$ cat target35.cif   # mmCIF, C-alpha atoms
data_final
loop_
_atom_site.label_atom_id
_atom_site.label_comp_id
_atom_site.auth_asym_id
_atom_site.auth_seq_id
_atom_site.Cartn_x
_atom_site.Cartn_y
_atom_site.Cartn_z
CA MET L 1 73.39 190.02 107.72
CA ALA L 2 75.22 192.13 110.23
CA PRO L 3 73.77 195.52 111.03
CA THR L 4 75.01 197.96 108.52
CA THR L 5 76.89 201.13 109.08
CA PRO L 6 77.57 202.56 105.67
CA GLN L 7 80.86 204.33 105.34
CA GLU L 8 80.79 208.07 105.44
CA PRO L 9 81.95 209.54 102.17
CA GLY L 10 85.61 210.53 102.32
CA LEU L 11 86.06 213.73 104.27
CA SER L 12 89.20 214.87 102.57
CA ALA L 13 90.13 214.82 98.91
CA VAL L 14 93.53 213.27 99.48
CA PRO L 15 93.24 209.59 100.37
CA SER L 16 94.56 208.92 103.83
CA TYR L 17 96.75 205.98 104.72
CA GLU L 18 93.67 204.18 106.08
CA GLU L 19 91.79 204.78 102.84
CA GLU L 20 94.67 203.42 100.80
CA GLN L 21 94.72 200.34 103.00
CA SER L 22 90.96 199.90 102.65
CA LYS L 23 91.17 200.19 98.89
CA ALA L 24 93.95 197.63 98.75
CA ARG L 25 91.82 195.25 100.82
CA PHE L 26 88.87 195.76 98.50
CA ASP L 27 90.98 195.20 95.39
CA ALA L 28 92.40 192.03 96.93
CA LEU L 29 88.91 190.67 97.63
CA ILE L 30 87.93 191.25 94.00
CA ASP L 31 91.20 189.75 92.70
CA GLN L 32 90.69 186.62 94.78
CA ASP L 33 87.12 186.39 93.53
CA SER L 34 86.01 186.61 97.15
CA ARG L 35 82.92 188.42 98.41
CA VAL L 36 82.45 191.97 99.65
CA GLU L 37 80.20 192.25 102.71
CA PRO L 38 78.11 195.21 103.90
CA ARG L 39 80.52 196.60 106.46
CA ASP L 40 83.59 196.35 104.24
CA TRP L 41 84.98 199.50 102.74
CA MET L 42 84.02 199.80 99.08
CA PRO L 43 84.61 202.47 96.43
CA GLU L 44 81.67 204.85 96.02
CA PRO L 45 81.11 203.95 92.34
CA TYR L 46 80.86 200.25 93.31
CA ARG L 47 78.29 201.08 96.00
CA LYS L 48 76.37 203.30 93.58
CA THR L 49 76.36 200.80 90.74
CA LEU L 50 75.15 198.03 93.03
CA THR L 51 72.49 200.17 94.67
CA ARG L 52 71.16 201.07 91.25
CA GLN L 53 71.28 197.52 89.91
CA VAL L 54 69.86 195.77 92.97
CA SER L 55 67.08 198.29 93.53
CA GLN L 56 66.09 198.26 89.84
CA HIS L 57 66.00 194.52 90.11
CA ALA L 58 63.76 194.77 93.20
CA HIS L 59 61.44 197.27 91.49
CA SER L 60 61.18 194.90 88.51
CA GLU L 61 60.00 192.10 90.76
CA ILE L 62 57.38 194.34 92.36
CA ILE L 63 56.09 195.75 89.06
CA GLY L 64 56.38 192.24 87.63
CA MET L 65 53.56 191.13 89.92
CA GLN L 66 51.06 193.09 87.86
CA PRO L 67 50.81 191.32 84.48
CA GLU L 68 50.07 188.04 86.22
CA ALA L 69 47.97 189.39 89.06
CA ASN L 70 45.65 190.78 86.37
CA TRP L 71 45.03 187.24 85.14
CA ILE L 72 44.34 185.49 88.44
CA THR L 73 40.58 186.05 88.22
CA ARG L 74 40.50 184.92 84.60
CA ALA L 75 42.77 181.87 84.85
CA PRO L 76 40.99 178.87 83.35
CA SER L 77 40.97 176.59 86.40
CA LEU L 78 41.30 176.66 90.16
CA LYS L 79 44.70 174.98 89.86
CA ARG L 80 45.94 177.64 87.44
CA LYS L 81 44.66 180.36 89.77
CA SER L 82 46.52 178.81 92.71
CA ILE L 83 49.70 178.55 90.65
CA LEU L 84 49.46 182.18 89.54
CA MET L 85 48.88 183.34 93.10
CA ALA L 86 51.94 181.40 94.26
CA LYS L 87 53.95 182.97 91.48
CA VAL L 88 52.80 186.49 92.27
CA GLN L 89 53.65 185.87 95.95
CA ASP L 90 57.10 184.74 94.86
CA GLU L 91 57.64 187.96 92.90
CA ALA L 92 56.74 189.95 96.01
CA GLY L 93 59.15 187.83 98.01
CA HIS L 94 61.92 188.32 95.47
CA GLY L 95 61.37 192.05 95.58
CA LEU L 96 61.72 192.00 99.36
CA TYR L 97 64.91 189.88 99.33
CA LEU L 98 66.42 192.35 96.90
CA TYR L 99 65.30 195.47 98.78
CA SER L 100 66.98 194.01 101.87
CA ALA L 101 70.18 193.49 99.90
CA ALA L 102 69.99 197.03 98.49
CA GLU L 103 69.47 198.49 101.95
CA THR L 104 72.74 197.01 103.21
CA LEU L 105 74.41 199.43 100.80
CA GLY L 106 73.06 202.35 102.82
CA THR L 107 69.84 203.50 101.14
CA SER L 108 66.70 203.11 103.25
CA ARG L 109 63.67 201.10 102.22
CA ASP L 110 61.48 204.19 102.29
CA GLU L 111 63.85 205.99 99.95
CA LEU L 112 63.94 203.06 97.52
CA ASN L 113 60.17 202.83 97.59
CA GLU L 114 59.88 206.55 96.99
CA GLN L 115 62.17 206.29 93.97
CA LEU L 116 59.84 203.75 92.41
CA LEU L 117 56.60 205.56 93.23
CA THR L 118 57.81 208.90 91.91
CA GLY L 119 59.06 207.31 88.70
CA ARG L 120 62.68 208.26 89.34
CA ALA L 121 63.77 204.63 89.37
CA LYS L 122 63.79 202.31 86.39
CA TYR L 123 62.62 198.73 86.22
CA SER L 124 62.82 196.04 83.57
CA SER L 125 61.30 197.27 80.30
CA ILE L 126 59.59 193.93 79.73
CA PHE L 127 56.84 194.74 82.22
CA ASN L 128 55.73 197.67 80.14
CA TYR L 129 54.22 195.32 77.58
CA PRO L 130 50.61 194.31 78.20
CA ALA L 131 49.54 190.70 78.84
CA ARG L 132 46.66 190.44 76.40
CA SER L 133 45.64 186.79 76.46
CA TRP L 134 45.83 183.74 78.70
CA ALA L 135 48.60 182.43 76.44
CA ASP L 136 50.66 185.45 77.52
CA MET L 137 50.89 183.86 80.97
CA GLY L 138 52.60 180.97 79.22
CA ALA L 139 54.89 183.13 77.10
CA ILE L 140 55.82 185.32 80.06
CA GLY L 141 56.71 182.28 82.19
CA TRP L 142 58.65 180.55 79.45
CA LEU L 143 60.39 183.50 77.74
CA VAL L 144 60.43 186.34 80.27
CA ASP L 145 61.20 184.22 83.34
CA GLY L 146 63.50 182.11 81.19
CA ALA L 147 65.51 185.17 80.18
CA ALA L 148 65.49 186.35 83.78
CA ILE L 149 66.91 183.02 84.94
CA ALA L 150 69.64 183.08 82.29
CA ASN L 151 70.53 186.55 83.56
CA GLN L 152 70.27 185.70 87.23
CA VAL L 153 72.11 182.41 87.57
CA PRO L 154 75.54 184.06 87.08
CA LEU L 155 74.50 186.80 89.53
CA CYS L 156 74.45 184.18 92.29
CA ARG L 157 78.23 184.61 92.18
CA ALA L 158 78.15 188.43 92.22
CA SER L 159 80.96 189.87 94.30
CA TYR L 160 78.57 191.59 96.70
CA GLY L 161 77.57 188.98 99.28
CA PRO L 162 73.98 190.04 100.08
CA TYR L 163 73.13 190.34 96.37
CA GLY L 164 74.54 186.91 95.58
CA ARG L 165 72.70 185.33 98.50
CA ALA L 166 69.39 186.92 97.45
CA MET L 167 69.95 185.65 93.92
CA VAL L 168 70.57 182.08 95.10
CA ARG L 169 67.20 182.09 96.84
CA ILE L 170 65.48 183.67 93.86
CA CYS L 171 66.96 181.30 91.29
CA LYS L 172 65.81 178.28 93.29
CA GLU L 173 62.25 179.57 93.23
CA GLU L 174 62.26 180.94 89.71
CA SER L 175 62.61 177.62 87.90
CA PHE L 176 59.03 176.72 88.79
CA HIS L 177 57.93 179.92 87.09
CA GLN L 178 59.50 179.00 83.80
CA ARG L 179 58.20 175.44 83.81
CA GLN L 180 54.65 176.42 84.62
CA GLY L 181 54.76 178.92 81.74
CA PHE L 182 56.04 176.31 79.35
CA GLU L 183 53.30 173.93 80.44
CA ILE L 184 50.60 176.52 79.76
CA LEU L 185 51.91 176.83 76.21
CA LEU L 186 52.22 173.07 75.88
CA SER L 187 48.57 172.60 76.89
CA LEU L 188 47.49 175.22 74.37
CA SER L 189 49.69 173.71 71.67
CA ARG L 190 47.78 170.44 72.05
CA GLY L 191 44.41 172.19 71.97
CA THR L 192 42.11 173.59 69.31
CA GLU L 193 43.24 175.66 66.34
CA VAL L 194 42.18 178.82 68.18
CA GLN L 195 44.26 177.84 71.21
CA LYS L 196 47.30 177.06 69.06
CA LYS L 197 46.95 180.41 67.37
CA MET L 198 46.70 182.13 70.73
CA ALA L 199 49.92 180.45 71.89
CA GLN L 200 51.79 181.34 68.71
CA ASP L 201 50.60 184.93 68.92
CA ALA L 202 51.88 185.25 72.49
CA ILE L 203 55.26 183.81 71.51
CA ASN L 204 55.43 186.24 68.60
CA ARG L 205 54.86 189.23 70.85
CA PHE L 206 57.22 188.25 73.65
CA TYR L 207 60.14 186.86 71.63
CA GLU L 208 61.86 190.12 70.81
CA PRO L 209 61.19 191.91 74.11
CA SER L 210 62.57 188.89 76.00
CA LEU L 211 65.80 188.95 73.97
CA MET L 212 66.14 192.64 74.78
CA MET L 213 65.94 191.88 78.50
CA PHE L 214 69.68 191.13 78.38
CA GLY L 215 70.35 194.78 77.66
CA PRO L 216 71.96 196.57 74.72
CA PRO L 217 74.63 194.90 72.56
CA ASP L 218 78.08 194.77 74.16
CA ASP L 219 79.49 197.61 72.06
CA GLN L 220 76.67 199.88 73.26
CA SER L 221 76.74 198.92 76.92
CA PRO L 222 79.26 201.24 78.53
CA ASN L 223 78.80 200.08 82.14
CA SER L 224 79.21 196.37 81.44
CA GLN L 225 83.00 196.46 81.36
CA GLN L 226 83.27 197.96 84.81
CA SER L 227 80.62 195.63 86.26
CA MET L 228 82.56 192.67 84.93
CA ALA L 229 85.82 194.00 86.35
CA TRP L 230 84.11 194.18 89.74
CA ASN L 231 82.80 190.60 89.38
CA ILE L 232 79.22 191.81 89.62
CA LYS L 233 78.49 190.67 86.08
CA ARG L 234 80.09 187.44 84.91
CA PHE L 235 79.06 187.32 81.26
CA SER L 236 78.35 190.06 78.75
CA ASN L 237 74.84 190.92 77.53
CA ASP L 238 75.46 189.32 74.15
CA GLU L 239 76.92 186.14 75.64
CA LEU L 240 73.85 185.65 77.82
CA ARG L 241 71.49 186.47 74.96
CA GLN L 242 73.30 183.88 72.83
CA ARG L 243 72.93 181.24 75.47
CA PHE L 244 69.23 181.98 75.90
CA VAL L 245 68.27 182.11 72.24
CA GLY L 246 69.99 178.75 71.73
CA MET L 247 67.92 177.19 74.50
CA ILE L 248 64.56 178.50 73.32
CA ALA L 249 65.30 177.61 69.70
CA GLU L 250 65.30 173.96 70.83
CA GLN L 251 62.47 174.24 73.33
CA VAL L 252 60.07 175.81 70.83
CA LYS L 253 60.20 172.57 68.80
CA VAL L 254 58.66 170.67 71.71
CA LEU L 255 55.74 173.09 71.51
CA GLY L 256 55.43 172.58 67.78
CA MET L 257 55.49 176.38 67.47
CA THR L 258 57.95 178.75 65.82
CA LEU L 259 59.97 181.75 66.92
CA PRO L 260 59.13 184.85 64.88
CA ASP L 261 62.63 185.15 63.49
CA PRO L 262 63.35 183.93 59.94
CA GLU L 263 67.04 184.78 60.37
CA LEU L 264 67.53 182.60 63.44
CA HIS L 265 70.15 179.90 62.84
CA TYR L 266 73.31 178.50 64.33
CA ASP L 267 76.43 179.59 62.51
CA GLU L 268 78.79 176.62 62.67
CA GLU L 269 81.79 178.69 61.65
CA LYS L 270 81.31 181.51 64.13
CA LYS L 271 80.00 179.05 66.70
CA GLN L 272 77.14 181.31 67.60
CA TRP L 273 73.45 181.90 67.11
CA ILE L 274 72.46 184.52 64.60
CA HIS L 275 69.15 186.24 65.32
CA LYS L 276 67.45 189.15 63.66
CA ASP L 277 68.39 192.70 64.52
CA LEU L 278 66.47 193.82 67.56
CA ASN L 279 64.61 197.08 67.66
CA TRP L 280 66.77 199.02 70.14
CA ASP L 281 64.97 202.29 69.44
CA GLU L 282 61.84 200.70 70.82
CA PHE L 283 63.81 199.37 73.80
CA MET L 284 65.11 202.84 74.62
CA ALA L 285 61.65 204.36 74.20
CA VAL L 286 60.13 201.80 76.58
CA ILE L 287 62.91 202.36 79.13
CA LYS L 288 62.28 206.09 78.96
CA GLY L 289 58.64 205.53 79.86
CA ASN L 290 56.96 205.38 76.47
CA GLY L 291 56.09 201.69 76.44
CA PRO L 292 52.53 200.49 75.90
CA VAL L 293 51.62 200.35 79.59
CA ASN L 294 54.33 202.27 81.53
CA SER L 295 51.95 204.78 83.05
CA GLN L 296 49.34 202.13 83.85
CA ARG L 297 51.91 200.01 85.75
CA LEU L 298 53.17 202.93 87.77
CA GLU L 299 49.70 204.22 88.54
CA ARG L 300 48.63 200.78 89.73
CA ARG L 301 51.68 200.62 92.03
CA ARG L 302 50.86 204.05 93.51
CA GLU L 303 47.26 203.06 93.97
CA ALA L 304 48.24 199.84 95.77
CA HIS L 305 50.56 201.85 98.01
CA ARG L 306 47.82 204.37 98.81
CA GLU L 307 45.29 201.64 99.50
CA GLY L 308 47.71 199.93 101.87
CA ALA L 309 48.34 203.11 103.87
CA TRP L 310 45.71 202.41 106.53
CA VAL L 311 47.14 198.93 107.12
CA ARG L 312 50.63 200.32 107.66
CA GLU L 313 49.25 203.05 109.93
CA ALA L 314 47.26 200.56 111.98
CA ALA L 315 50.26 198.26 112.35
CA SER L 316 52.46 201.15 113.44
CA ALA L 317 49.84 202.39 115.92
CA TYR L 318 49.42 198.92 117.38
CA ALA L 319 53.18 198.47 117.73
CA ALA L 320 53.47 201.86 119.45
CA LYS L 321 50.66 201.01 121.85
CA GLN L 322 52.18 197.63 122.72
CA ALA L 323 55.54 199.23 123.34
CA GLN L 324 53.92 201.78 125.64
CA SER L 325 52.04 199.20 127.70
CA GLU L 326 55.30 197.26 128.14
CA VAL L 327 56.92 200.34 129.63
CA ALA L 328 53.92 200.97 131.90
CA MET U 1 53.23 210.65 98.74
CA SER U 2 54.43 207.84 100.97
CA GLN U 3 54.72 208.60 104.63
CA SER U 4 57.87 207.30 106.18
CA ASN U 5 57.43 204.16 108.26
CA ASN U 6 60.87 203.62 109.69
CA TRP U 7 59.86 200.19 110.81
CA PRO U 8 62.82 198.45 112.40
CA LEU U 9 64.86 195.92 110.48
CA TRP U 10 64.75 192.34 111.74
CA GLU U 11 67.13 189.51 110.96
CA VAL U 12 65.47 186.17 110.31
CA PHE U 13 66.87 182.78 111.29
CA VAL U 14 65.28 179.55 110.10
CA ARG U 15 65.65 176.03 111.50
CA SER U 16 65.13 173.88 108.42
CA SER U 17 64.45 170.68 110.33
CA ARG U 18 64.67 169.27 113.83
CA GLY U 19 68.23 168.60 114.92
CA LEU U 20 69.72 171.48 112.91
CA SER U 21 70.66 174.99 114.02
CA HIS U 22 68.79 178.09 113.07
CA VAL U 23 70.55 179.63 110.08
CA HIS U 24 70.38 183.24 108.96
CA ALA U 25 67.96 183.52 106.03
CA GLY U 26 67.68 187.27 105.45
CA SER U 27 66.01 190.33 106.86
CA LEU U 28 62.75 192.23 106.73
CA HIS U 29 61.00 195.31 108.09
CA ALA U 30 58.11 195.00 110.54
CA PRO U 31 56.50 197.29 113.14
CA ASP U 32 56.77 194.79 116.02
CA GLU U 33 58.05 191.34 116.86
CA GLN U 34 54.76 189.59 116.22
CA MET U 35 54.47 190.98 112.73
CA ALA U 36 58.15 190.24 112.18
CA VAL U 37 57.59 186.53 112.91
CA ARG U 38 54.53 186.39 110.68
CA ASN U 39 56.20 188.22 107.84
CA ALA U 40 59.22 185.97 108.23
CA ARG U 41 56.98 182.95 107.84
CA ASP U 42 55.42 184.37 104.67
CA LEU U 43 58.70 185.55 103.23
CA TYR U 44 61.17 182.81 104.11
CA THR U 45 59.13 179.61 104.47
CA ARG U 46 56.81 179.56 101.45
CA ARG U 47 58.08 176.10 100.52
CA ASN U 48 58.36 174.29 103.85
CA GLU U 49 61.87 175.62 104.44
CA GLY U 50 61.48 175.70 108.19
CA VAL U 51 60.07 174.22 111.36
CA SER U 52 61.09 177.12 113.61
CA LEU U 53 61.88 180.80 113.23
CA TRP U 54 63.85 183.38 115.16
CA VAL U 55 63.67 187.08 114.51
CA VAL U 56 65.95 189.57 116.17
CA LYS U 57 66.21 193.29 115.76
CA SER U 58 69.23 194.04 113.62
CA SER U 59 70.20 196.85 115.95
CA ASP U 60 70.49 194.34 118.81
CA ILE U 61 73.21 192.33 117.10
CA ILE U 62 76.74 192.95 118.28
CA SER U 63 79.33 192.08 115.66
CA SER U 64 83.08 192.09 115.35
CA ASP U 65 84.63 195.06 113.63
CA PRO U 66 85.38 194.25 109.97
CA ASP U 67 88.37 196.62 109.99
CA GLU U 68 89.91 194.68 112.81
CA LYS U 69 89.49 191.33 111.18
CA ASP U 70 93.14 190.57 110.62
CA SER U 71 94.27 191.12 114.18
CA PHE U 72 91.02 189.91 115.71
CA PHE U 73 91.20 186.49 114.06
CA GLU U 74 94.98 186.21 114.15
CA SER U 75 95.32 183.86 117.11
CA PRO U 76 94.65 180.52 115.34
CA GLN U 77 97.02 181.38 112.50
CA GLY U 78 100.13 179.22 112.47
CA LYS U 79 98.52 176.79 114.87
CA ASP U 80 98.02 173.94 112.44
CA TYR U 81 98.48 171.53 115.31
CA ARG U 82 94.87 172.23 116.26
CA HIS U 83 93.80 170.18 113.24
CA ALA U 84 93.91 166.40 113.00
CA THR U 85 95.55 166.70 109.58
CA TYR U 86 98.71 168.14 111.24
CA TYR U 87 99.64 164.71 112.60
CA LYS U 88 101.22 162.80 109.73
CA ALA U 89 103.43 160.26 111.49
CA SER U 90 100.43 158.14 112.41
CA GLU U 91 99.17 157.89 108.83
CA GLY U 92 98.11 154.37 107.89
CA VAL U 93 97.26 153.39 111.45
CA LYS U 94 93.70 152.14 111.39
CA HIS U 95 90.81 153.69 113.32
CA LEU U 96 92.95 156.62 114.45
#
$ encode --input "target35.cif" --output "structure tokens"
Amino acid sequence: MAPTTPQEPGLSAVPSYEEEQSKARFDALIDQDSRVEPRDWMPEPYRKTLTRQVSQHAHSEIIGMQPEANWITRAPSLKRKSILMAKVQDEAGHGLYLYSAAETLGTSRDELNEQLLTGRAKYSSIFNYPARSWADMGAIGWLVDGAAIANQVPLCRASYGPYGRAMVRICKEESFHQRQGFEILLSLSRGTEVQKKMAQDAINRFYEPSLMMFGPPDDQSPNSQQSMAWNIKRFSNDELRQRFVGMIAEQVKVLGMTLPDPELHYDEEKKQWIHKDLNWDEFMAVIKGNGPVNSQRLERRREAHREGAWVREAASAYAAKQAQSEVA
Amino acid sequence: MSQSNNWPLWEVFVRSSRGLSHVHAGSLHAPDEQMAVRNARDLYTRRNEGVSLWVVKSSDIISSDPDEKDSFFESPQGKDYRHATYYKASEGVKHL
């Protein structure tokens, strides 16, 4: 990535000849389905939308470390512990790729971090549900990471270069997450009655929240249209949700489990999956901070940041000292 | 709440295997070059993606001006004869 020099906001209200030219170049890039790169001129709303989306995505990865990190000590075997640790490391990595991409849009890392810590920034509502049992590690991997992948694969072609490149890297790594989750559930599904029940219970709790990860229905998602026009989003929320529910409806059979949705069926005439109505009031409440564990997640993040302060200070002090001795 | 670090931004280049060039992988923040290399290892080679790493301060990279791109890269335009595919008369001649 080239060093970034974000454009100054327009100084005058009337677009100059240069601005008109820049806008035409931007429009042409979008029309040709090409990529916009950090130092290109871009309209302020495009920059703003992307900064919001990419940083929320980064925050989600960072907060998303928590449900699984909580289970590392209680994972049933050394192998499962190692796998969880690798997964949590991946989430941290994904957060960092995305913060880097967000920074190329002109907002500093410290500012982005501050937005998360002060609760001004949003992150995916799914992480505000608690992970109550070991089977939840399975359901989260299979359903939550599965939904994330369905969402993220088309983002690899997002019109903003750094975002697309980060997503390519993330998608490659994410498929292990989904498989390991599915395998946890598969092991439980072949276990005792209690284990089967635990697996089914986890699926029951994560089914609806995972479908809501795709965002509100198309007719209630005002920003989608613009994001699609800018080639950031490639498919609508409902299209992606359709695709996902169709996949898990088949996969759940392999587990010998059921999805908690008596209305779920494929409508041959409409050529689409029909699922039950989702509880969007709950979704909005969770987004607004009233989910089961919103405050716990945020407090844990602040605590981790506070506890890491001395490490950051020591590293900075050491770097400053080294730099000084080089001069001397 | 969080003190500002302002750690410099580093660009990371990874050589995926011997015989290949280092390719840009992404960027990261680190207080000094040593930490930058270590963080780059943790961040960009978790799955054996590399056998060698370069990190360079982003601010040390000199790049072409994106606004100048048309004129700056204009010279090769219309010079198809720099490509082998320009030469059609010899088509069908073996090993050429």
$ resolve_selection --input "target35.cif" --expression "the PyMOL selection byres ((chain U) within 6 of (chain L))" --output "PyMOL selection string"
chain U and resi 31-32+43+58
$ write_last_selection --input "target35.cif" --atoms "C-alpha atoms" --output "PDB file, in the coordinates of the input"
ATOM      1  CA  PRO U  31      56.500 197.290 113.140  1.00  0.00           C
ATOM      2  CA  ASP U  32      56.770 194.790 116.020  1.00  0.00           C
ATOM      3  CA  LEU U  43      58.700 185.550 103.230  1.00  0.00           C
ATOM      4  CA  SER U  58      69.230 194.040 113.620  1.00  0.00           C
TER       5      SER U  58
END
$ resolve_selection --input "target35.cif" --expression "the PyMOL selection byres ((chain L and resi 206-210) around 9)" --output "ChimeraX atom specification"
/L:125-126,129,136,139-140,143-148,201-205,211-214,259-261,278-279,283
$ resolve_selection --input "target35.cif" --expression "the PyMOL selection byres ((chain U and resi 17) around 10)" --output "PyMOL selection string"
chain U and resi 14-16+18-22+48-52
$ write_last_selection --input "target35.cif" --atoms "C-alpha atoms" --output "compact mmCIF listing (two decimals), in the coordinates of the input"
# COMPACT_ATOMS: atom_id res chain seq x y z
CA VAL U 14 65.28 179.55 110.10
CA ARG U 15 65.65 176.03 111.50
CA SER U 16 65.13 173.88 108.42
CA ARG U 18 64.67 169.27 113.83
CA GLY U 19 68.23 168.60 114.92
CA LEU U 20 69.72 171.48 112.91
CA SER U 21 70.66 174.99 114.02
CA HIS U 22 68.79 178.09 113.07
CA ASN U 48 58.36 174.29 103.85
CA GLU U 49 61.87 175.62 104.44
CA GLY U 50 61.48 175.70 108.19
CA VAL U 51 60.07 174.22 111.36
CA SER U 52 61.09 177.12 113.61
$ atom_distance --input "target35.cif" --atom1 "atom CA of L:Gln242" --atom2 "atom CA of L:Glu269"
15.0 Å
$ atom_distance --input "target35.cif" --atom1 "atom CA of L:Gln115" --atom2 "atom CA of L:Arg241"
29.0 Å
$ closest_residue --input "target35.cif" --among "L:Ile170, L:Leu112, L:Trp142, L:Ala304" --to "U:Tyr44" --atoms "all atoms listed in the file"
L:Ile170
$ closest_residue --input "target35.cif" --among "L:Gly164, L:Gly256, L:Gly181, L:Gly215" --to "L:Lys196" --atoms "only C-alpha atoms"
L:Gly256
$ closest_residue --input "target35.cif" --among "L:Ser189, L:Gln272, L:Gln32, L:Thr104" --to "U:Ser27" --atoms "all atoms listed in the file"
L:Thr104
$ atom_distance --input "target35.cif" --atom1 "atom CA of L:His275" --atom2 "atom CA of L:Leu185"
22.5 Å
$ residues_near_point --input "target35.cif" --point "(80.5, 194.1, 73.2)" --cutoff "8 Å" --atoms "only C-alpha atoms" --output "PDB file with C-alpha atoms, in the frame of the given file"
ATOM      1  CA  PRO L 217      74.630 194.900  72.560  1.00  0.00           C
ATOM      2  CA  ASP L 218      78.080 194.770  74.160  1.00  0.00           C
ATOM      3  CA  ASP L 219      79.490 197.610  72.060  1.00  0.00           C
ATOM      4  CA  GLN L 220      76.670 199.880  73.260  1.00  0.00           C
ATOM      5  CA  SER L 221      76.740 198.920  76.920  1.00  0.00           C
ATOM      6  CA  SER L 236      78.350 190.060  78.750  1.00  0.00           C
ATOM      7  CA  ASN L 237      74.840 190.920  77.530  1.00  0.00           C
ATOM      8  CA  ASP L 238      75.460 189.320  74.150  1.00  0.00           C
TER       9      ASP L 238
END
$ residues_around --input "target35.cif" --residues "L:Trp273" --least-positions-apart "3" --cutoff "10 Å" --atoms "all atoms listed in the file" --output "list in words"
Arg241, Gln242, Arg243, Phe244, Val245, Gly246, Ala249, Glu263, Leu264, His265, Tyr266, Asp267, Glu268 and Lys270 of chain L
$ closest_residue --input "target35.cif" --among "U:Gly78, U:Arg47, U:Pro8, U:Val37" --to "U:Ser59" --atoms "all atoms listed in the file"
U:Pro8
$ axis_aligned_box --input "target35.cif" --around "stretch 78-89 of chain U" --padding-each-side "3 Å" --output "JSON"
{"center_x": 98.6, "center_y": 169.7, "center_z": 112.9, "size_x": 15.6, "size_y": 25.0, "size_z": 12.7}
$ residues_around --input "target35.cif" --residues "L:Asp27" --least-positions-apart "5" --cutoff "10 Å" --atoms "all atoms listed in the file" --output "list of chain:residue names"
L:Gln21, L:Ser22, L:Gln32, L:Asp33, L:Met42, L:Pro43, L:Trp230
$ build_atoms --input "target35.cif" --residues "stretch 247-258 of chain L" --atoms "N, CA and C atoms" --output "short mmCIF file (atom, residue, chain, number, x, y, z; two decimals), in the frame of the given file"
data_model
loop_
_atom_site.label_atom_id
_atom_site.label_comp_id
_atom_site.auth_asym_id
_atom_site.auth_seq_id
_atom_site.Cartn_x
_atom_site.Cartn_y
_atom_site.Cartn_z
N MET L 247 68.80 178.08 73.72
CA MET L 247 67.92 177.19 74.50
C MET L 247 66.49 177.22 73.96
N ILE L 248 65.97 178.44 73.73
CA ILE L 248 64.56 178.50 73.32
C ILE L 248 64.35 178.01 71.89
N ALA L 249 65.42 178.11 71.07
CA ALA L 249 65.30 177.61 69.70
C ALA L 249 65.01 176.11 69.71
N GLU L 250 65.57 175.40 70.68
CA GLU L 250 65.30 173.96 70.83
C GLU L 250 63.94 173.73 71.49
N GLN L 251 63.69 174.48 72.55
CA GLN L 251 62.47 174.24 73.33
C GLN L 251 61.20 174.49 72.51
N VAL L 252 61.27 175.45 71.59
CA VAL L 252 60.07 175.81 70.83
C VAL L 252 59.60 174.63 69.96
N LYS L 253 60.55 173.74 69.62
CA LYS L 253 60.20 172.57 68.80
C LYS L 253 59.28 171.63 69.57
N VAL L 254 59.51 171.53 70.88
CA VAL L 254 58.66 170.67 71.71
C VAL L 254 57.21 171.18 71.67
N LEU L 255 57.09 172.49 71.56
CA LEU L 255 55.74 173.09 71.51
C LEU L 255 55.12 172.95 70.13
N GLY L 256 55.93 172.60 69.15
CA GLY L 256 55.43 172.58 67.78
C GLY L 256 55.08 173.98 67.29
N MET L 257 55.73 174.98 67.87
CA MET L 257 55.49 176.38 67.47
C MET L 257 56.77 176.90 66.81
N THR L 258 56.74 178.16 66.41
CA THR L 258 57.95 178.75 65.82
C THR L 258 58.29 180.05 66.52
#
